[in-house]
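Participant: So here's final.cif (mmCIF, C-alpha atoms).
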data_start
#
loop_
_atom_site.label_atom_id
_atom_site.label_comp_id
_atom_site.auth_asym_id
_atom_site.auth_seq_id
_atom_site.Cartn_x
_atom_site.Cartn_y
_atom_site.Cartn_z
CA MET A 1 21.29 -15.11 16.55
CA ALA A 2 24.27 -13.65 18.44
CA CYS A 3 23.49 -11.73 21.61
CA ALA A 4 25.45 -8.88 23.11
CA ALA A 5 27.06 -9.06 26.53
CA THR A 6 24.81 -7.97 29.37
CA VAL A 7 25.15 -4.93 31.55
CA ALA A 8 23.21 -4.82 34.80
CA LEU A 9 19.77 -3.13 34.52
CA ALA A 10 20.18 -2.75 30.78
CA ALA A 11 18.50 -4.61 27.95
CA PRO A 12 20.98 -5.30 25.16
CA VAL A 13 19.54 -6.05 21.76
CA CYS A 14 20.60 -9.06 19.71
CA ALA A 15 22.89 -8.22 16.80
CA GLN A 16 21.44 -8.76 13.30
CA ASN A 17 22.82 -8.53 9.78
CA ASP A 18 24.33 -5.09 9.24
CA VAL A 19 23.02 -4.02 12.64
CA LYS A 20 25.38 -3.84 15.58
CA SER A 21 24.15 -4.50 19.10
CA TYR A 22 23.27 -1.60 21.34
CA GLU A 23 22.17 -1.19 24.90
CA VAL A 24 18.73 0.12 25.87
CA ARG A 25 18.17 1.83 29.21
CA GLY A 26 14.54 2.67 29.85
CA ASP A 27 13.33 4.51 26.75
CA ALA A 28 16.81 5.51 25.63
CA ILE A 29 20.02 4.30 24.00
CA PRO A 30 22.74 6.20 25.89
CA GLN A 31 25.73 5.24 23.72
CA SER A 32 26.31 6.42 20.16
CA LEU A 33 25.90 3.55 17.68
CA THR A 34 29.22 4.53 16.10
CA GLY A 35 31.10 5.72 19.16
CA THR A 36 31.19 9.26 17.79
CA THR A 37 28.81 12.20 17.57
CA GLY A 38 26.95 12.63 14.29
CA ASP A 39 27.04 15.57 11.91
CA PRO A 40 23.88 17.73 12.09
CA THR A 41 24.38 19.14 8.59
CA ARG A 42 24.40 15.67 7.06
CA GLY A 43 21.52 14.81 9.38
CA ARG A 44 19.39 17.59 7.92
CA GLU A 45 20.05 16.26 4.41
CA ILE A 46 18.87 12.80 5.47
CA VAL A 47 15.78 14.04 7.33
CA THR A 48 14.60 16.24 4.47
CA ASN A 49 15.33 13.74 1.68
CA ARG A 50 12.14 11.81 1.09
CA PHE A 51 13.99 8.92 -0.52
CA VAL A 52 16.62 8.51 2.21
CA GLY A 53 15.28 9.51 5.62
CA LEU A 54 11.61 9.28 4.54
CA CYS A 55 10.81 11.40 7.65
CA MET A 56 8.84 14.10 5.84
CA LEU A 57 6.49 11.57 4.26
CA CYS A 58 4.76 11.32 7.64
CA HIS A 59 6.13 14.18 9.78
CA THR A 60 5.76 17.93 9.53
CA GLY A 61 8.84 19.92 10.46
CA PRO A 62 10.20 23.47 10.68
CA PHE A 63 11.66 23.29 7.15
CA PRO A 64 10.02 25.91 4.92
CA ASP A 65 12.13 24.70 1.97
CA VAL A 66 10.61 21.20 2.09
CA PRO A 67 7.30 20.95 0.20
CA GLN A 68 4.69 18.22 0.58
CA GLN A 69 5.16 17.38 4.26
CA GLY A 70 3.15 14.68 6.02
CA THR A 71 0.57 15.06 8.78
CA LEU A 72 0.55 11.50 10.12
CA ALA A 73 3.13 11.94 12.86
CA PRO A 74 4.19 14.59 15.41
CA ASP A 75 5.75 17.86 14.24
CA LEU A 76 9.54 17.63 14.53
CA LYS A 77 9.63 21.22 15.79
CA GLY A 78 11.08 21.16 19.30
CA ALA A 79 12.09 17.48 19.12
CA GLY A 80 15.45 18.43 20.65
CA THR A 81 13.66 20.00 23.62
CA ARG A 82 11.17 17.16 24.15
CA TRP A 83 13.77 14.39 24.04
CA SER A 84 17.36 13.84 25.07
CA VAL A 85 19.89 12.64 22.51
CA ALA A 86 19.64 9.13 23.99
CA GLN A 87 15.82 9.19 23.74
CA LEU A 88 15.92 10.47 20.16
CA ARG A 89 18.30 7.61 19.28
CA MET A 90 15.90 5.03 20.72
CA ARG A 91 12.95 6.49 18.80
CA ILE A 92 14.78 6.32 15.48
CA VAL A 93 16.44 2.96 16.04
CA ASP A 94 13.21 1.21 17.02
CA SER A 95 10.29 3.36 18.10
CA SER A 96 8.11 0.28 18.60
CA ARG A 97 10.02 -0.32 21.83
CA VAL A 98 8.47 2.92 23.14
CA VAL A 99 5.09 2.80 21.35
CA PRO A 100 4.33 -0.84 20.42
CA ASP A 101 1.70 -0.11 17.76
CA THR A 102 3.46 2.85 16.16
CA ILE A 103 3.33 3.19 12.37
CA MET A 104 6.92 4.49 12.43
CA PRO A 105 9.31 1.95 10.94
CA ALA A 106 12.30 0.82 13.00
CA TYR A 107 15.24 2.44 11.23
CA TYR A 108 17.86 0.12 12.71
CA ARG A 109 16.31 -3.31 12.86
CA THR A 110 16.28 -6.14 10.36
CA ASP A 111 14.49 -8.83 12.30
CA HIS A 112 10.78 -9.35 13.05
CA LEU A 113 9.97 -8.08 9.58
CA GLN A 114 7.96 -9.97 6.98
CA ARG A 115 8.19 -10.18 3.20
CA VAL A 116 10.96 -7.62 2.83
CA ALA A 117 11.86 -6.94 -0.83
CA PRO A 118 15.07 -8.74 -1.81
CA GLN A 119 17.10 -5.56 -2.30
CA PHE A 120 16.32 -4.40 1.26
CA ARG A 121 16.57 -7.76 3.04
CA GLY A 122 18.97 -7.81 5.98
CA LYS A 123 19.55 -4.07 5.69
CA PRO A 124 18.32 -1.42 8.13
CA VAL A 125 16.54 1.65 6.70
CA LEU A 126 19.50 3.82 7.78
CA THR A 127 23.06 2.91 8.74
CA ALA A 128 24.46 3.55 12.22
CA GLU A 129 26.36 6.57 10.86
CA GLN A 130 23.22 8.03 9.26
CA ILE A 131 21.24 7.55 12.47
CA GLU A 132 23.87 9.40 14.49
CA ASP A 133 23.72 12.26 11.95
CA VAL A 134 19.92 12.38 12.22
CA VAL A 135 20.05 12.31 16.03
CA ALA A 136 22.59 15.16 16.01
CA PHE A 137 20.32 17.21 13.74
CA LEU A 138 17.07 16.54 15.62
CA ALA A 139 18.81 17.56 18.85
CA THR A 140 19.26 21.04 17.33
CA LEU A 141 15.49 21.50 16.86
CA LYS A 142 14.97 23.39 20.11
CA GLU A 143 12.26 25.89 19.11
CA ASN A 144 8.78 24.99 20.32
CA MET B 1 21.03 -11.62 27.03
CA SER B 2 20.51 -15.37 27.15
CA PRO B 3 18.98 -17.17 24.17
CA MET B 4 15.96 -17.83 26.40
CA ARG B 5 15.45 -14.11 26.98
CA CYS B 6 15.83 -13.52 23.26
CA ALA B 7 13.10 -16.11 22.65
CA ALA B 8 10.89 -14.59 25.34
CA LEU B 9 11.26 -11.14 23.77
CA LEU B 10 10.37 -12.59 20.37
CA ALA B 11 7.30 -14.33 21.75
CA GLY B 12 6.25 -11.09 23.42
CA LEU B 13 6.55 -9.19 20.16
CA LEU B 14 4.46 -11.81 18.36
CA ILE B 15 1.71 -11.56 20.97
CA VAL B 16 1.66 -7.77 20.65
CA ALA B 17 1.60 -8.06 16.84
CA SER B 18 -1.33 -10.47 16.82
CA ALA B 19 -3.24 -8.36 19.37
CA ILE B 20 -2.92 -5.34 17.07
CA ALA B 21 -4.00 -7.34 14.03
CA GLY B 22 -7.05 -8.66 15.87
CA ALA B 23 -8.07 -5.24 17.14
CA SER B 24 -8.95 -3.69 13.80
CA GLU B 25 -12.38 -4.01 12.24
CA ASP B 26 -13.55 -3.66 8.67
CA LEU B 27 -14.23 -0.12 7.55
CA PRO B 28 -17.94 0.49 8.31
CA ARG B 29 -20.26 1.07 5.35
CA GLU B 30 -21.35 4.48 6.67
CA LYS B 31 -17.76 5.74 6.58
CA GLN B 32 -17.04 4.71 2.98
CA ARG B 33 -15.67 7.57 0.93
CA SER B 34 -14.61 7.48 -2.71
CA SER B 35 -11.27 9.15 -3.45
CA TYR B 36 -13.25 11.15 -6.03
CA ASP B 37 -14.50 13.24 -3.11
CA ASP B 38 -10.93 14.23 -2.19
CA MET B 39 -9.88 15.19 -5.72
CA ALA B 40 -9.27 18.73 -6.95
CA PRO B 41 -12.22 20.16 -8.95
CA ALA B 42 -10.19 20.03 -12.18
CA THR B 43 -9.46 16.32 -11.74
CA ARG B 44 -13.13 15.62 -10.98
CA ALA B 45 -14.14 17.52 -14.10
CA MET B 46 -11.73 15.40 -16.15
CA GLN B 47 -13.42 12.23 -14.88
CA ASP B 48 -16.94 13.59 -15.26
CA ALA B 49 -16.84 14.64 -18.93
CA ASP B 50 -16.50 11.68 -21.29
CA THR B 51 -14.90 13.99 -23.85
CA ASP B 52 -12.15 14.91 -21.35
CA ASN B 53 -11.74 11.56 -19.57
CA PRO B 54 -8.65 9.89 -21.08
CA GLY B 55 -9.97 6.49 -19.98
CA MET B 56 -12.67 6.80 -22.65
CA LEU B 57 -9.97 6.32 -25.32
CA TRP B 58 -9.40 2.80 -23.95
CA VAL B 59 -13.17 2.29 -23.82
CA LEU B 60 -13.41 3.09 -27.53
CA ASP B 61 -10.64 0.58 -28.27
CA GLY B 62 -12.41 -1.93 -26.07
CA GLU B 63 -15.67 -1.51 -27.97
CA ALA B 64 -13.82 -2.21 -31.24
CA LEU B 65 -12.16 -5.30 -29.69
CA TRP B 66 -15.55 -6.49 -28.42
CA ARG B 67 -16.80 -6.60 -32.00
CA ALA B 68 -13.60 -7.94 -33.61
CA LYS B 69 -13.36 -11.61 -34.55
CA THR B 70 -10.30 -13.09 -32.89
CA GLY B 71 -8.47 -16.37 -32.26
CA SER B 72 -8.57 -19.48 -34.42
CA ALA B 73 -12.31 -19.72 -33.68
CA ALA B 74 -12.70 -16.37 -35.50
CA ARG B 75 -15.29 -15.40 -32.95
CA ALA B 76 -15.97 -11.96 -31.46
CA CYS B 77 -17.12 -11.36 -27.89
CA ALA B 78 -20.24 -9.82 -29.43
CA ASP B 79 -20.99 -13.05 -31.36
CA CYS B 80 -21.92 -14.76 -28.08
CA HIS B 81 -22.68 -11.85 -25.74
CA GLY B 82 -24.38 -9.47 -28.16
CA ASP B 83 -24.62 -5.83 -27.19
CA ALA B 84 -22.44 -5.28 -24.13
CA LYS B 85 -24.63 -2.36 -23.08
CA GLN B 86 -27.31 -4.93 -22.27
CA SER B 87 -25.45 -8.18 -21.62
CA MET B 88 -22.66 -6.68 -19.53
CA ALA B 89 -24.68 -4.07 -17.61
CA GLY B 90 -23.69 -4.31 -13.94
CA VAL B 91 -21.42 -7.31 -14.47
CA ALA B 92 -18.07 -5.71 -13.57
CA ALA B 93 -19.58 -4.47 -10.27
CA ARG B 94 -19.86 -8.15 -9.25
CA TYR B 95 -16.20 -9.02 -9.91
CA PRO B 96 -14.14 -10.82 -8.66
CA ALA B 97 -16.85 -13.44 -8.95
CA PHE B 98 -17.03 -17.09 -7.90
CA ASP B 99 -16.14 -19.39 -10.76
CA ALA B 100 -17.91 -22.71 -10.20
CA LYS B 101 -15.70 -24.48 -12.74
CA ARG B 102 -12.51 -23.53 -10.91
CA GLY B 103 -14.11 -23.53 -7.47
CA GLY B 104 -12.57 -20.14 -6.69
CA PRO B 105 -12.49 -16.45 -7.46
CA VAL B 106 -12.02 -15.04 -10.94
CA THR B 107 -11.23 -11.41 -11.68
CA LEU B 108 -12.68 -9.48 -14.61
CA GLU B 109 -9.34 -9.76 -16.40
CA GLY B 110 -9.21 -13.47 -15.59
CA ARG B 111 -12.72 -13.95 -17.03
CA ILE B 112 -11.81 -12.14 -20.24
CA ASN B 113 -8.75 -14.34 -20.64
CA ALA B 114 -10.64 -17.55 -19.81
CA CYS B 115 -13.23 -16.65 -22.43
CA ARG B 116 -10.49 -16.01 -24.99
CA VAL B 117 -8.86 -19.39 -24.38
CA GLU B 118 -12.01 -21.46 -24.04
CA ASN B 119 -14.32 -19.84 -26.57
CA GLN B 120 -12.18 -17.95 -29.04
CA ASN B 121 -9.10 -20.21 -29.17
CA ALA B 122 -7.07 -17.06 -28.65
CA GLN B 123 -4.03 -16.33 -26.53
CA THR B 124 -4.44 -14.79 -23.11
CA LEU B 125 -3.71 -11.08 -22.84
CA ALA B 126 -1.06 -9.84 -20.42
CA TYR B 127 -1.98 -7.61 -17.48
CA GLU B 128 -1.53 -3.93 -18.41
CA SER B 129 -1.51 -4.71 -22.14
CA ARG B 130 -3.42 -2.16 -24.19
CA GLU B 131 -5.95 -4.81 -25.26
CA LEU B 132 -6.73 -6.16 -21.80
CA LEU B 133 -7.05 -2.66 -20.36
CA ALA B 134 -9.29 -1.68 -23.28
CA LEU B 135 -11.62 -4.66 -22.89
CA SER B 136 -11.81 -4.37 -19.12
CA ALA B 137 -12.44 -0.60 -19.39
CA TYR B 138 -15.24 -1.21 -21.88
CA LEU B 139 -16.84 -3.83 -19.63
CA ALA B 140 -16.37 -1.74 -16.48
CA LEU B 141 -18.05 1.22 -18.15
CA GLN B 142 -21.21 -0.90 -18.41
CA SER B 143 -21.28 -0.88 -14.60
CA ARG B 144 -20.73 2.86 -14.15
CA GLY B 145 -23.12 4.11 -11.45
CA LYS B 146 -23.95 0.56 -10.33
CA PRO B 147 -23.34 -0.51 -6.70
CA ILE B 148 -20.47 -2.93 -6.03
CA ALA B 149 -21.90 -6.30 -5.00
CA ILE B 150 -19.50 -9.16 -4.30
CA ASP B 151 -20.88 -12.65 -3.65
CA GLU B 152 -19.79 -12.86 -0.03
CA LYS B 153 -21.45 -16.22 0.54
CA LYS B 154 -19.42 -18.01 -2.11
CA LEU B 155 -16.28 -15.90 -1.76
CA GLY B 156 -16.13 -15.84 2.04
CA GLU B 157 -12.80 -17.68 2.24
CA THR B 158 -11.20 -15.45 -0.38
CA ILE B 159 -12.46 -12.31 1.37
CA ALA B 160 -11.00 -13.57 4.66
CA ALA B 161 -7.66 -14.36 2.99
CA GLY B 162 -7.58 -10.88 1.46
CA ARG B 163 -8.39 -9.31 4.83
CA ASP B 164 -5.42 -11.13 6.38
CA ILE B 165 -3.10 -9.76 3.72
CA PHE B 166 -4.59 -6.27 4.14
CA ARG B 167 -3.77 -6.36 7.84
CA GLN B 168 -0.34 -7.97 7.64
CA ARG B 169 2.56 -5.64 8.43
CA GLN B 170 5.21 -6.20 5.79
CA GLY B 171 8.23 -4.86 4.00
CA GLN B 172 11.26 -3.01 5.32
CA LEU B 173 8.94 -0.18 6.41
CA ASN B 174 6.80 -2.70 8.30
CA LEU B 175 3.42 -1.25 7.32
CA SER B 176 0.09 -2.92 6.62
CA CYS B 177 -2.48 -1.70 4.10
CA ALA B 178 -4.87 -1.22 7.03
CA GLN B 179 -2.56 1.15 8.88
CA CYS B 180 -2.82 3.70 6.09
CA HIS B 181 -6.20 2.99 4.50
CA ASP B 182 -8.30 2.02 7.56
CA GLN B 183 -6.55 3.96 10.30
CA HIS B 184 -5.03 7.06 8.67
CA TYR B 185 -7.16 7.91 5.64
CA GLY B 186 -7.64 11.62 5.26
CA GLY B 187 -4.13 12.32 6.61
CA LYS B 188 -1.36 13.59 4.38
CA LEU B 189 1.40 11.26 3.24
CA ALA B 190 4.04 13.47 1.61
CA GLY B 191 1.37 16.09 1.06
CA ASN B 192 -1.09 13.71 -0.61
CA THR B 193 -4.37 12.76 1.04
CA ILE B 194 -4.38 9.07 1.97
CA PRO B 195 -7.51 7.53 0.43
CA GLN B 196 -9.55 4.72 1.93
CA GLY B 197 -8.36 2.64 -0.97
CA HIS B 198 -11.64 1.64 -2.63
CA PRO B 199 -11.29 -0.01 -6.05
CA ASN B 200 -14.51 1.57 -7.36
CA GLY B 201 -13.08 3.04 -10.54
CA TYR B 202 -10.75 0.50 -12.14
CA PRO B 203 -9.32 0.28 -14.63
CA LEU B 204 -8.53 3.95 -14.11
CA TYR B 205 -6.43 6.71 -15.56
CA ARG B 206 -3.83 7.76 -13.02
CA LEU B 207 -2.13 11.09 -13.67
CA GLU B 208 1.02 9.77 -11.98
CA TRP B 209 1.11 6.87 -14.47
CA GLN B 210 0.00 8.96 -17.42
CA THR B 211 -1.92 5.92 -18.52
CA LEU B 212 -4.77 3.58 -17.65
CA GLY B 213 -3.95 0.81 -15.19
CA SER B 214 -5.47 -2.09 -13.32
CA LEU B 215 -6.12 -2.39 -9.60
CA GLN B 216 -3.35 -4.96 -9.37
CA ARG B 217 -0.87 -2.46 -10.79
CA ARG B 218 -1.91 -0.05 -8.02
CA LEU B 219 -1.58 -2.73 -5.33
CA ARG B 220 1.90 -3.57 -6.58
CA ASN B 221 2.84 0.14 -6.39
CA CYS B 222 1.90 0.23 -2.70
CA LEU B 223 3.88 -2.95 -1.97
CA THR B 224 6.91 -1.41 -3.65
CA GLY B 225 6.40 1.74 -1.55
CA ILE B 226 6.60 -0.15 1.72
CA ARG B 227 9.64 -2.03 0.34
CA ALA B 228 7.88 -5.40 0.45
CA GLU B 229 8.42 -8.39 -1.77
CA ASN B 230 5.88 -8.04 -4.55
CA HIS B 231 3.13 -10.40 -5.66
CA ALA B 232 2.86 -11.38 -9.32
CA TYR B 233 -0.02 -10.16 -11.49
CA GLY B 234 -2.85 -12.66 -11.27
CA SER B 235 -1.37 -14.29 -8.14
CA ARG B 236 -3.62 -15.83 -5.52
CA GLU B 237 -2.59 -13.08 -3.09
CA LEU B 238 -3.48 -10.15 -5.36
CA ILE B 239 -6.78 -11.80 -6.32
CA ALA B 240 -7.61 -12.26 -2.62
CA LEU B 241 -6.70 -8.65 -1.85
CA GLU B 242 -8.76 -7.44 -4.83
CA THR B 243 -11.75 -9.51 -3.67
CA TYR B 244 -11.50 -8.21 -0.11
CA LEU B 245 -11.20 -4.61 -1.30
CA MET B 246 -14.23 -4.92 -3.59
CA TRP B 247 -16.21 -6.46 -0.73
CA ARG B 248 -15.00 -3.66 1.59
CA ALA B 249 -16.32 -1.18 -1.03
CA ARG B 250 -19.68 -3.00 -1.26
CA GLY B 251 -22.55 -0.74 -2.15
CA MET B 252 -20.29 2.01 -3.48
CA SER B 253 -20.97 3.32 -6.94
CA MET B 254 -18.69 2.23 -9.80
CA GLU B 255 -16.88 5.14 -11.49
CA SER B 256 -14.95 3.28 -14.19
CA PRO B 257 -13.05 4.52 -16.03
CA ALA B 258 -12.14 6.82 -13.12
CA VAL B 259 -9.41 9.45 -13.06
CA ARG B 260 -7.11 9.69 -10.04
CA PRO B 261 -4.13 11.88 -9.22
#
Mind converting the file's structure to structure tokens?

Facilitator:
Amino acid sequence: MACAATVALAAPVCAQNDVKSYEVRGDAIPQSLTGTTGDPTRGREIVTNRFVGLCMLCHTGPFPDVPQQGTLAPDLKGAGTRWSVAQLRMRIVDSSRVVPDTIMPAYYRTDHLQRVAPQFRGKPVLTAEQIEDVVAFLATLKEN
Amino acid sequence: MSPMRCAALLAGLLIVASAIAGASEDLPREKQRSSYDDMAPATRAMQDADTDNPGMLWVLDGEALWRAKTGSAARACADCHGDAKQSMAGVAARYPAFDAKRGGPVTLEGRINACRVENQNAQTLAYESRELLALSAYLALQSRGKPIAIDEKKLGETIAAGRDIFRQRQGQLNLSCAQCHDQHYGGKLAGNTIPQGHPNGYPLYRLEWQTLGSLQRRLRNCLTGIRAENHAYGSRELIALETYLMWRARGMSMESPAVRP
């Protein structure tokens, strides 16, 4: 397993297949995974698509056009007020680093998983680009 | 980060994972709830009236198969077992059972197939084949209303193995059966109420399938949903999970052939 270079006071995460390394500071990932800011319009598509983002399977959100929302996880309404962009990124990349026993899957991690189906093995749930789009969209959810 | 810190982080994660797995307990008897209780009135009505319950079509086929001579022995189930209404009353509620000859668990489908091979000189029937579903539905009907009673003394090891699988986080979505069906039942997953996951009505007619199906088909659906590697029909793992789930549903009333959304 290749490990990223260290930065003082930070906890870099080992790179995995299809997953680039990133640096964690506290409960946040300050740097974009792609080096650029995501597109909130594409992010909305991902969040509300139950086969891509999967978010609405468990979460409720301020999306009247999305039927059959979940009730297992916090309402996404106001997520952009509750969390900074860097905190949102951490929670999507690997929320278990913030809440160890969370049911939320890590969207950008391919290790410490068991019995992954062959077609998903070594692949994160979302790509770095998709995660940046989702982060950009969630940051726009300011209404509480 | 040094390789040592990587290893330390890994070890830490494993400790957390095992602590979570050890924390959960079996669903208490007093909290057991059949998914029937969460169904819409129209779906309940479909299950309740034999004339409307689509599963009864498989039962009728199963009754015909029970009486039909089959295999090179030209022997019908009824030739040895007589009237299933008497000989098979309450039997399916005790499956998976302990098979002394094999020294392990045998499912209802496994028993039907063993009987075919050993006593009828017939071929085994595939899981989800019309014939196996029909025979298992016919047998399960003879336990309708009977309490589930698994032999926990003889099947203790199998129940424990099934419990381990039930609690193992797996797949790309990293979920265990227990996280949904022990810890979040009653919540909505994509708008659908998460059931406790009791196998008290199999084989059952699932509206989503538009057909009758076995418990193992349902278990495989869930594994696909969490993007986990699947287990084969009749595998040791699915039999263990089935045995654990039937034990977890002990005392609950059989509803076969049930209807589910």

Participant: Per residue of chain A within 10 Å of chain B, record the nearest atom pair and its distance in Å to one decimal, counting only C-alpha atoms, with rows in chain order and ascending residue number, as JSON lines.

Facilitator:
{"residue": "A:Met1", "atom": "CA", "partner": "B:Pro3", "partner_atom": "CA", "distance": 8.2}
{"residue": "A:Ala2", "atom": "CA", "partner": "B:Pro3", "partner_atom": "CA", "distance": 8.6}
{"residue": "A:Cys3", "atom": "CA", "partner": "B:Met1", "partner_atom": "CA", "distance": 6.0}
{"residue": "A:Ala4", "atom": "CA", "partner": "B:Met1", "partner_atom": "CA", "distance": 6.5}
{"residue": "A:Ala5", "atom": "CA", "partner": "B:Met1", "partner_atom": "CA", "distance": 6.6}
{"residue": "A:Thr6", "atom": "CA", "partner": "B:Met1", "partner_atom": "CA", "distance": 5.8}
{"residue": "A:Val7", "atom": "CA", "partner": "B:Met1", "partner_atom": "CA", "distance": 9.1}
{"residue": "A:Ala10", "atom": "CA", "partner": "B:Met1", "partner_atom": "CA", "distance": 9.7}
{"residue": "A:Ala11", "atom": "CA", "partner": "B:Met1", "partner_atom": "CA", "distance": 7.5}
{"residue": "A:Pro12", "atom": "CA", "partner": "B:Met1", "partner_atom": "CA", "distance": 6.6}
{"residue": "A:Val13", "atom": "CA", "partner": "B:Met1", "partner_atom": "CA", "distance": 7.8}
{"residue": "A:Cys14", "atom": "CA", "partner": "B:Cys6", "partner_atom": "CA", "distance": 7.4}
{"residue": "A:Arg50", "atom": "CA", "partner": "B:Ala190", "partner_atom": "CA", "distance": 8.3}
{"residue": "A:Leu54", "atom": "CA", "partner": "B:Ala190", "partner_atom": "CA", "distance": 9.1}
{"residue": "A:Cys55", "atom": "CA", "partner": "B:Ala190", "partner_atom": "CA", "distance": 9.3}
{"residue": "A:Met56", "atom": "CA", "partner": "B:Ala190", "partner_atom": "CA", "distance": 6.4}
{"residue": "A:Leu57", "atom": "CA", "partner": "B:Ala190", "partner_atom": "CA", "distance": 4.1}
{"residue": "A:Cys58", "atom": "CA", "partner": "B:Leu189", "partner_atom": "CA", "distance": 5.5}
{"residue": "A:His59", "atom": "CA", "partner": "B:Ala190", "partner_atom": "CA", "distance": 8.5}
{"residue": "A:Thr60", "atom": "CA", "partner": "B:Ala190", "partner_atom": "CA", "distance": 9.3}
{"residue": "A:Pro67", "atom": "CA", "partner": "B:Gly191", "partner_atom": "CA", "distance": 7.7}
{"residue": "A:Gln68", "atom": "CA", "partner": "B:Gly191", "partner_atom": "CA", "distance": 4.0}
{"residue": "A:Gln69", "atom": "CA", "partner": "B:Ala190", "partner_atom": "CA", "distance": 4.9}
{"residue": "A:Gly70", "atom": "CA", "partner": "B:Ala190", "partner_atom": "CA", "distance": 4.7}
{"residue": "A:Thr71", "atom": "CA", "partner": "B:Lys188", "partner_atom": "CA", "distance": 5.0}
{"residue": "A:Leu72", "atom": "CA", "partner": "B:Gly187", "partner_atom": "CA", "distance": 5.9}
{"residue": "A:Ala73", "atom": "CA", "partner": "B:Gly187", "partner_atom": "CA", "distance": 9.6}
{"residue": "A:Ser96", "atom": "CA", "partner": "B:Leu13", "partner_atom": "CA", "distance": 9.7}
{"residue": "A:Arg97", "atom": "CA", "partner": "B:Leu13", "partner_atom": "CA", "distance": 9.7}
{"residue": "A:Pro100", "atom": "CA", "partner": "B:Val16", "partner_atom": "CA", "distance": 7.4}
{"residue": "A:Asp101", "atom": "CA", "partner": "B:Ile20", "partner_atom": "CA", "distance": 7.0}
{"residue": "A:Thr102", "atom": "CA", "partner": "B:Gln179", "partner_atom": "CA", "distance": 9.6}
{"residue": "A:Ile103", "atom": "CA", "partner": "B:Leu175", "partner_atom": "CA", "distance": 6.7}
{"residue": "A:Met104", "atom": "CA", "partner": "B:Leu173", "partner_atom": "CA", "distance": 7.9}
{"residue": "A:Pro105", "atom": "CA", "partner": "B:Leu173", "partner_atom": "CA", "distance": 5.0}
{"residue": "A:Ala106", "atom": "CA", "partner": "B:Leu173", "partner_atom": "CA", "distance": 7.5}
{"residue": "A:Tyr107", "atom": "CA", "partner": "B:Leu173", "partner_atom": "CA", "distance": 8.4}
{"residue": "A:Arg109", "atom": "CA", "partner": "B:Gln172", "partner_atom": "CA", "distance": 9.1}
{"residue": "A:Thr110", "atom": "CA", "partner": "B:Gln172", "partner_atom": "CA", "distance": 7.8}
{"residue": "A:Asp111", "atom": "CA", "partner": "B:Gln172", "partner_atom": "CA", "distance": 9.6}
{"residue": "A:His112", "atom": "CA", "partner": "B:Leu10", "partner_atom": "CA", "distance": 8.0}
{"residue": "A:Leu113", "atom": "CA", "partner": "B:Gln170", "partner_atom": "CA", "distance": 6.4}
{"residue": "A:Gln114", "atom": "CA", "partner": "B:Gln170", "partner_atom": "CA", "distance": 4.8}
{"residue": "A:Arg115", "atom": "CA", "partner": "B:Glu229", "partner_atom": "CA", "distance": 5.3}
{"residue": "A:Val116", "atom": "CA", "partner": "B:Gly171", "partner_atom": "CA", "distance": 4.1}
{"residue": "A:Ala117", "atom": "CA", "partner": "B:Glu229", "partner_atom": "CA", "distance": 3.8}
{"residue": "A:Pro118", "atom": "CA", "partner": "B:Glu229", "partner_atom": "CA", "distance": 6.7}
{"residue": "A:Gln119", "atom": "CA", "partner": "B:Arg227", "partner_atom": "CA", "distance": 8.7}
{"residue": "A:Phe120", "atom": "CA", "partner": "B:Gln172", "partner_atom": "CA", "distance": 6.6}
{"residue": "A:Arg121", "atom": "CA", "partner": "B:Gln172", "partner_atom": "CA", "distance": 7.5}
{"residue": "A:Gly122", "atom": "CA", "partner": "B:Gln172", "partner_atom": "CA", "distance": 9.1}
{"residue": "A:Lys123", "atom": "CA", "partner": "B:Gln172", "partner_atom": "CA", "distance": 8.4}
{"residue": "A:Pro124", "atom": "CA", "partner": "B:Gln172", "partner_atom": "CA", "distance": 7.8}
{"residue": "A:Val125", "atom": "CA", "partner": "B:Gln172", "partner_atom": "CA", "distance": 7.2}

Participant: Closest to A:Phe63 among A:Thr36, A:Thr81, A:Leu88, A:Leu141, using all atoms listed in the file?

Facilitator: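 Checking each candidate against A:Phe63, we get A:Leu141 as the closest.
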
Participant: So what does the PyMOL selection byres ((chain A and resi 41-48) around 9) actually pick up in this one, as an mmCIF file with C-alpha atoms, in the coordinates of the input?

Facilitator:
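Everything below was put into out_22.cif:
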data_model
loop_
_atom_site.group_PDB
_atom_site.id
_atom_site.type_symbol
_atom_site.label_atom_id
_atom_site.label_comp_id
_atom_site.auth_asym_id
_atom_site.auth_seq_id
_atom_site.Cartn_x
_atom_site.Cartn_y
_atom_site.Cartn_z
ATOM 1 C CA GLY A 38 26.950 12.630 14.290
ATOM 2 C CA ASP A 39 27.040 15.570 11.910
ATOM 3 C CA PRO A 40 23.880 17.730 12.090
ATOM 4 C CA ASN A 49 15.330 13.740 1.680
ATOM 5 C CA ARG A 50 12.140 11.810 1.090
ATOM 6 C CA PHE A 51 13.990 8.920 -0.520
ATOM 7 C CA VAL A 52 16.620 8.510 2.210
ATOM 8 C CA GLY A 53 15.280 9.510 5.620
ATOM 9 C CA LEU A 54 11.610 9.280 4.540
ATOM 10 C CA CYS A 55 10.810 11.400 7.650
ATOM 11 C CA MET A 56 8.840 14.100 5.840
ATOM 12 C CA PHE A 63 11.660 23.290 7.150
ATOM 13 C CA VAL A 66 10.610 21.200 2.090
ATOM 14 C CA GLN A 130 23.220 8.030 9.260
ATOM 15 C CA ILE A 131 21.240 7.550 12.470
ATOM 16 C CA GLU A 132 23.870 9.400 14.490
ATOM 17 C CA ASP A 133 23.720 12.260 11.950
ATOM 18 C CA VAL A 134 19.920 12.380 12.220
ATOM 19 C CA VAL A 135 20.050 12.310 16.030
ATOM 20 C CA ALA A 136 22.590 15.160 16.010
ATOM 21 C CA PHE A 137 20.320 17.210 13.740
ATOM 22 C CA LEU A 138 17.070 16.540 15.620
#
